[in-house]
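Below is the file target_1.txt, which contains compact mmCIF, C-alpha atoms.
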```
# COMPACT_ATOMS: atom_id res chain seq x y z
CA MET A 1 110.52 105.16 75.27
CA ALA A 2 111.91 108.16 77.16
CA LEU A 3 108.36 109.16 78.13
CA PHE A 4 107.58 105.61 79.25
CA ILE A 5 110.74 105.34 81.39
CA THR A 6 110.03 108.75 82.94
CA TYR A 7 106.60 107.64 84.11
CA VAL A 8 107.88 104.22 85.21
CA LEU A 9 110.17 106.16 87.57
CA LEU A 10 107.24 108.35 88.61
CA GLY A 11 105.08 105.29 89.36
CA PHE A 12 107.92 103.69 91.33
CA SER A 13 108.48 106.93 93.27
CA ILE A 14 104.76 107.21 94.08
CA ALA A 15 104.68 103.65 95.42
CA LEU A 16 107.96 103.92 97.35
CA PRO A 17 106.80 105.90 100.43
CA VAL A 18 105.18 103.68 103.05
CA GLY A 19 101.41 103.94 102.63
CA THR A 20 98.30 101.98 103.49
CA ILE A 21 98.70 99.55 100.57
CA THR A 22 102.36 98.90 101.44
CA ILE A 23 101.38 98.12 105.03
CA GLU A 24 98.61 95.72 103.94
CA MET A 25 100.90 94.01 101.40
CA THR A 26 103.62 93.49 104.00
CA LYS A 27 101.12 92.15 106.53
CA GLN A 28 99.54 89.64 104.13
CA GLY A 29 102.92 88.71 102.67
CA LEU A 30 104.31 87.83 106.10
CA LYS A 31 101.19 85.95 107.18
CA ASN A 32 100.53 83.99 103.98
CA GLY A 33 103.51 84.33 101.63
CA PHE A 34 104.57 86.04 98.40
CA MET A 35 101.44 85.50 96.30
CA HIS A 36 99.03 86.82 98.93
CA GLY A 37 101.06 89.99 99.42
CA TRP A 38 101.42 90.54 95.68
CA ILE A 39 97.69 89.95 95.10
CA VAL A 40 96.99 92.74 97.62
CA GLY A 41 99.17 94.95 95.43
CA LEU A 42 97.21 93.92 92.33
CA GLY A 43 94.00 94.91 94.14
CA GLY A 44 95.54 98.30 94.80
CA MET A 45 96.69 98.59 91.18
CA THR A 46 93.13 97.92 90.00
CA VAL A 47 92.04 101.06 91.83
CA ASP A 48 95.15 102.88 90.55
CA LEU A 49 94.17 102.05 86.96
CA LEU A 50 90.60 103.27 87.47
CA LEU A 51 91.88 106.41 89.18
CA ILE A 52 94.30 107.20 86.34
CA ILE A 53 91.48 106.84 83.81
CA GLY A 54 89.23 108.93 86.05
CA LEU A 55 91.87 111.68 86.31
CA TYR A 56 92.15 111.72 82.54
CA PHE A 57 88.42 112.34 82.23
CA GLY A 58 88.36 115.14 84.82
CA LEU A 59 88.09 113.41 88.20
CA ALA A 60 90.94 115.54 89.58
CA SER A 61 88.84 118.70 89.34
CA VAL A 62 86.02 117.04 91.30
CA LEU A 63 88.27 115.63 94.04
CA SER A 64 90.04 118.97 94.38
CA LEU A 65 86.82 120.61 95.62
CA SER A 66 87.12 121.38 99.35
CA VAL A 67 83.60 120.13 100.08
CA VAL A 68 84.38 116.77 98.47
CA GLN A 69 87.75 116.51 100.18
CA VAL A 70 86.44 117.19 103.67
CA ILE A 71 83.91 114.35 103.33
CA MET A 72 86.45 111.93 101.88
CA TRP A 73 89.13 112.67 104.48
CA PHE A 74 86.62 111.99 107.27
CA ILE A 75 85.32 108.74 105.76
CA GLY A 76 88.89 107.65 105.03
CA ALA A 77 89.92 108.28 108.65
CA ILE A 78 87.09 106.10 109.96
CA PHE A 79 87.79 103.38 107.38
CA LEU A 80 91.53 103.15 108.12
CA CYS A 81 90.90 103.20 111.88
CA TYR A 82 88.60 100.20 111.43
CA VAL A 83 91.11 98.34 109.21
CA GLY A 84 93.89 99.02 111.74
CA TYR A 85 91.75 97.84 114.65
CA ASP A 86 90.80 94.68 112.75
CA SER A 87 94.48 94.04 111.99
CA ILE A 88 95.36 94.23 115.69
CA LYS A 89 92.34 92.19 116.80
CA ASN A 90 93.06 89.35 114.33
CA ALA A 91 96.87 89.55 114.45
CA ASP A 92 97.24 85.86 115.34
CA HIS A 93 94.64 84.64 112.81
CA ASP A 94 95.31 83.24 109.31
CA ILE A 95 99.07 82.86 109.80
CA ALA A 96 100.54 80.16 107.57
CA LEU A 97 104.26 79.53 108.09
CA GLU A 98 106.54 78.17 105.37
CA GLY A 99 105.23 74.76 104.30
CA GLU A 100 101.90 75.06 106.10
CA LYS A 101 98.55 75.00 104.30
CA LYS A 102 97.08 78.48 103.79
CA THR A 103 93.54 79.08 105.04
CA LYS A 104 93.14 82.50 103.41
CA SER A 105 92.09 82.64 99.75
CA LEU A 106 93.86 84.73 97.11
CA PHE A 107 90.55 86.43 96.31
CA SER A 108 90.26 87.53 99.95
CA SER A 109 93.74 89.10 99.75
CA TYR A 110 92.84 90.81 96.46
CA LYS A 111 89.67 92.18 98.10
CA ASN A 112 91.75 93.53 101.00
CA GLY A 113 93.98 95.44 98.57
CA LEU A 114 90.94 96.73 96.71
CA LEU A 115 89.23 97.97 99.88
CA VAL A 116 92.32 99.67 101.32
CA ALA A 117 93.10 101.38 97.99
CA VAL A 118 89.52 102.56 97.48
CA SER A 119 89.51 104.28 100.90
CA PRO A 120 88.20 107.83 100.23
CA GLY A 121 91.11 109.41 102.08
CA ASN A 122 93.54 107.35 100.00
CA LEU A 123 91.98 108.66 96.78
CA VAL A 124 92.39 112.25 97.96
CA PHE A 125 95.97 111.48 98.99
CA TRP A 126 96.73 110.14 95.49
CA VAL A 127 95.28 113.21 93.81
CA SER A 128 97.20 115.54 96.13
CA VAL A 129 100.48 113.71 95.41
CA PHE A 130 100.40 113.40 91.64
CA GLY A 131 96.95 114.24 90.31
CA THR A 132 98.04 117.66 89.10
CA VAL A 133 101.08 116.19 87.35
CA LEU A 134 98.97 113.63 85.54
CA ALA A 135 96.23 116.10 84.64
CA SER A 136 98.74 118.47 83.08
CA SER A 137 100.56 115.71 81.19
CA PHE A 138 97.53 114.12 79.53
CA ASP A 139 96.70 115.31 76.05
CA ARG A 140 93.12 114.41 75.15
CA SER A 141 93.99 114.63 71.45
CA ASN A 142 96.82 112.12 71.85
CA THR A 143 95.44 108.80 73.08
CA SER A 144 98.73 106.96 72.56
CA GLN A 145 100.53 109.35 74.93
CA PHE A 146 97.86 108.73 77.57
CA LEU A 147 98.36 104.97 77.15
CA ILE A 148 102.15 105.26 77.48
CA VAL A 149 101.90 107.47 80.58
CA GLY A 150 99.31 105.23 82.25
CA LEU A 151 101.19 102.00 81.52
CA GLY A 152 104.46 103.58 82.66
CA ILE A 153 103.01 104.53 86.04
CA LEU A 154 101.41 101.11 86.55
CA PHE A 155 104.62 99.33 85.52
CA GLY A 156 106.60 101.41 88.02
CA ILE A 157 104.15 100.46 90.79
CA LEU A 158 104.40 96.79 89.72
CA ILE A 159 108.22 96.88 89.99
CA HIS A 160 107.92 98.31 93.50
CA ASP A 161 105.36 95.68 94.55
CA LEU A 162 107.44 92.77 93.24
CA GLY A 163 110.60 94.09 94.92
CA LEU A 164 108.78 94.59 98.21
CA MET A 165 107.27 91.09 98.13
CA ILE A 166 110.62 89.44 97.35
CA LEU A 167 112.06 91.21 100.40
CA VAL A 168 109.09 90.24 102.58
CA ALA A 169 109.11 86.61 101.39
CA THR A 170 112.84 86.34 102.16
CA THR A 171 112.40 87.89 105.62
CA ARG A 172 109.40 85.66 106.36
CA LYS A 173 111.52 82.50 106.24
CA ALA A 174 113.43 83.64 109.32
CA MET A 175 110.33 84.60 111.33
CA ASN A 176 108.16 82.53 113.64
CA ARG A 177 104.45 82.84 114.38
CA THR A 178 104.95 85.23 117.31
CA ALA A 179 107.17 87.58 115.31
CA ILE A 180 104.64 87.71 112.45
CA LYS A 181 101.87 88.39 114.98
CA TRP A 182 103.71 91.41 116.40
CA VAL A 183 104.54 92.76 112.95
CA THR A 184 100.81 92.49 112.13
CA ILE A 185 99.95 94.38 115.31
CA SER A 186 102.51 97.04 114.38
CA ALA A 187 100.93 97.29 110.91
CA GLY A 188 97.55 97.87 112.57
CA VAL A 189 99.01 100.63 114.74
CA VAL A 190 100.51 102.31 111.65
CA LEU A 191 97.15 102.14 109.84
CA ILE A 192 95.48 103.77 112.84
CA GLY A 193 98.24 106.39 112.69
CA PHE A 194 97.28 107.06 109.06
CA SER A 195 93.66 107.45 110.20
CA PHE A 196 94.75 110.22 112.59
CA TYR A 197 96.64 111.89 109.73
CA PHE A 198 93.49 111.75 107.59
CA LEU A 199 91.50 113.17 110.52
CA TYR A 200 94.02 116.02 110.78
CA GLU A 201 93.62 116.73 107.06
CA PHE A 202 89.84 116.64 107.56
CA MET A 203 90.09 119.32 110.26
CA ILE A 204 92.42 121.51 108.18
CA THR A 205 90.17 121.29 105.12
CA LEU A 206 87.08 121.96 107.22
CA GLN A 207 88.69 125.09 108.65
CA LYS A 208 89.33 126.36 105.12
CA ILE A 209 85.67 125.93 104.24
CA LEU A 210 84.45 127.63 107.43
```

Represent the structure of the file as structure tokens.
Amino acid sequence: MALFITYVLLGFSIALPVGTITIEMTKQGLKNGFMHGWIVGLGGMTVDLLLIIGLYFGLASVLSLSVVQVIMWFIGAIFLCYVGYDSIKNADHDIALEGEKKTKSLFSSYKNGLLVAVSPGNLVFWVSVFGTVLASSFDRSNTSQFLIVGLGILFGILIHDLGLMILVATTRKAMNRTAIKWVTISAGVVLIGFSFYFLYEFMITLQKIL
């Protein structure tokens, strides 16, 4: 139980800083309500689960290679720039206020979370933040410990996502269509900002190789 609680706190701490998934969850939550924002988080958690399993089987050592990282940072920068631009371009689309019929499907929101989380730069970011911690904590001879650690991290992320969506859903009730539009535009700008950060990391990693 102590091990589980420790990794619940780790998962919560990992999810707490504002990242690309948090931005996308907030955007969809404001535009379409609690379920759409939370489904984005579940899409992200799907990738988190696969990444945790991948790290257990040695993915961290592959993603830590400079050659792999430089490619992934660059692709991630382009991907997030596109997502940010699309967010700004369609800021006034698919907005459903309280009581209005939603035009966006839950599957579409889940796909958004999946695509943002699977961004190559995001994968490298995850590994750089806690990949080493996970790799050192997993004991291949102790499957039950791996299960406890993995579930603890995912449960911590789930707590964060639910808390965030409750806050967003409460705030949404006091916002009109124009306010939601500008928050969506701001989210797009932040995502483009992340793309510049990924581009910076690409240049730093490239310099190390050269």

For this session: Tell me which of A:Leu30, A:Ile5, A:Asn112, A:Ser13 sits closest to Thr170 in chain A, counting all atoms listed in the file.
Result: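 Counting all atoms listed in the file, the residue closest to Thr170 in chain A is A:Leu30.
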
Exercise. List as a VMD selection string: which residues have an atom within 8 Å of (101.0, 98.5, 110.0), counting all atoms listed in the file?
Worked result: chain A and resid 20 23 to 24 27 84 183 to 191

For this session: Using all atoms listed in the file, give me every residue within 7 Å of (97.0, 97.2, 94.7) in file coordinates, as an MDAnalysis selection string.
Result: chainID A and resid 21 40:47 113:114 117

Those residues you just picked out, can you put them in a file as a PDB file, in the coordinates of the input with C-alpha atoms?
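Result file follows (result-v7.pdb):
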```pdb
ATOM      1  CA  ILE A  21      98.700  99.550 100.570  1.00  0.00           C
ATOM      2  CA  VAL A  40      96.990  92.740  97.620  1.00  0.00           C
ATOM      3  CA  GLY A  41      99.170  94.950  95.430  1.00  0.00           C
ATOM      4  CA  LEU A  42      97.210  93.920  92.330  1.00  0.00           C
ATOM      5  CA  GLY A  43      94.000  94.910  94.140  1.00  0.00           C
ATOM      6  CA  GLY A  44      95.540  98.300  94.800  1.00  0.00           C
ATOM      7  CA  MET A  45      96.690  98.590  91.180  1.00  0.00           C
ATOM      8  CA  THR A  46      93.130  97.920  90.000  1.00  0.00           C
ATOM      9  CA  VAL A  47      92.040 101.060  91.830  1.00  0.00           C
ATOM     10  CA  GLY A 113      93.980  95.440  98.570  1.00  0.00           C
ATOM     11  CA  LEU A 114      90.940  96.730  96.710  1.00  0.00           C
ATOM     12  CA  ALA A 117      93.100 101.380  97.990  1.00  0.00           C
TER      13      ALA A 117
END
```

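CA of Trp73 in chain A is found 16.3 Å from CA of Leu59 in chain A.
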
Problem set entry | Nearest to Val168 in chain A by atom-to-atom distance, counting all atoms listed in the file, from A:Phe74, A:Tyr56, A:Phe34, A:Trp182 |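 Going through A:Phe74, A:Tyr56, A:Phe34, A:Trp182 one by one, the smallest distance to Val168 in chain A is for A:Phe34.
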
Problem set entry | Nearest candidate to Tyr110 in chain A (options A:Gln28, A:Thr6, A:Ser195, A:Asn176; using all atoms listed in the file) |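 Going through A:Gln28, A:Thr6, A:Ser195, A:Asn176 one by one, the smallest distance to Tyr110 in chain A is for A:Gln28.
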
Exercise. Between A:Ile88, A:Val67, A:Met165, A:Leu147, which has the minimum distance to Phe202 in chain A (counting only C-alpha atoms)?
Worked result: A:Val67
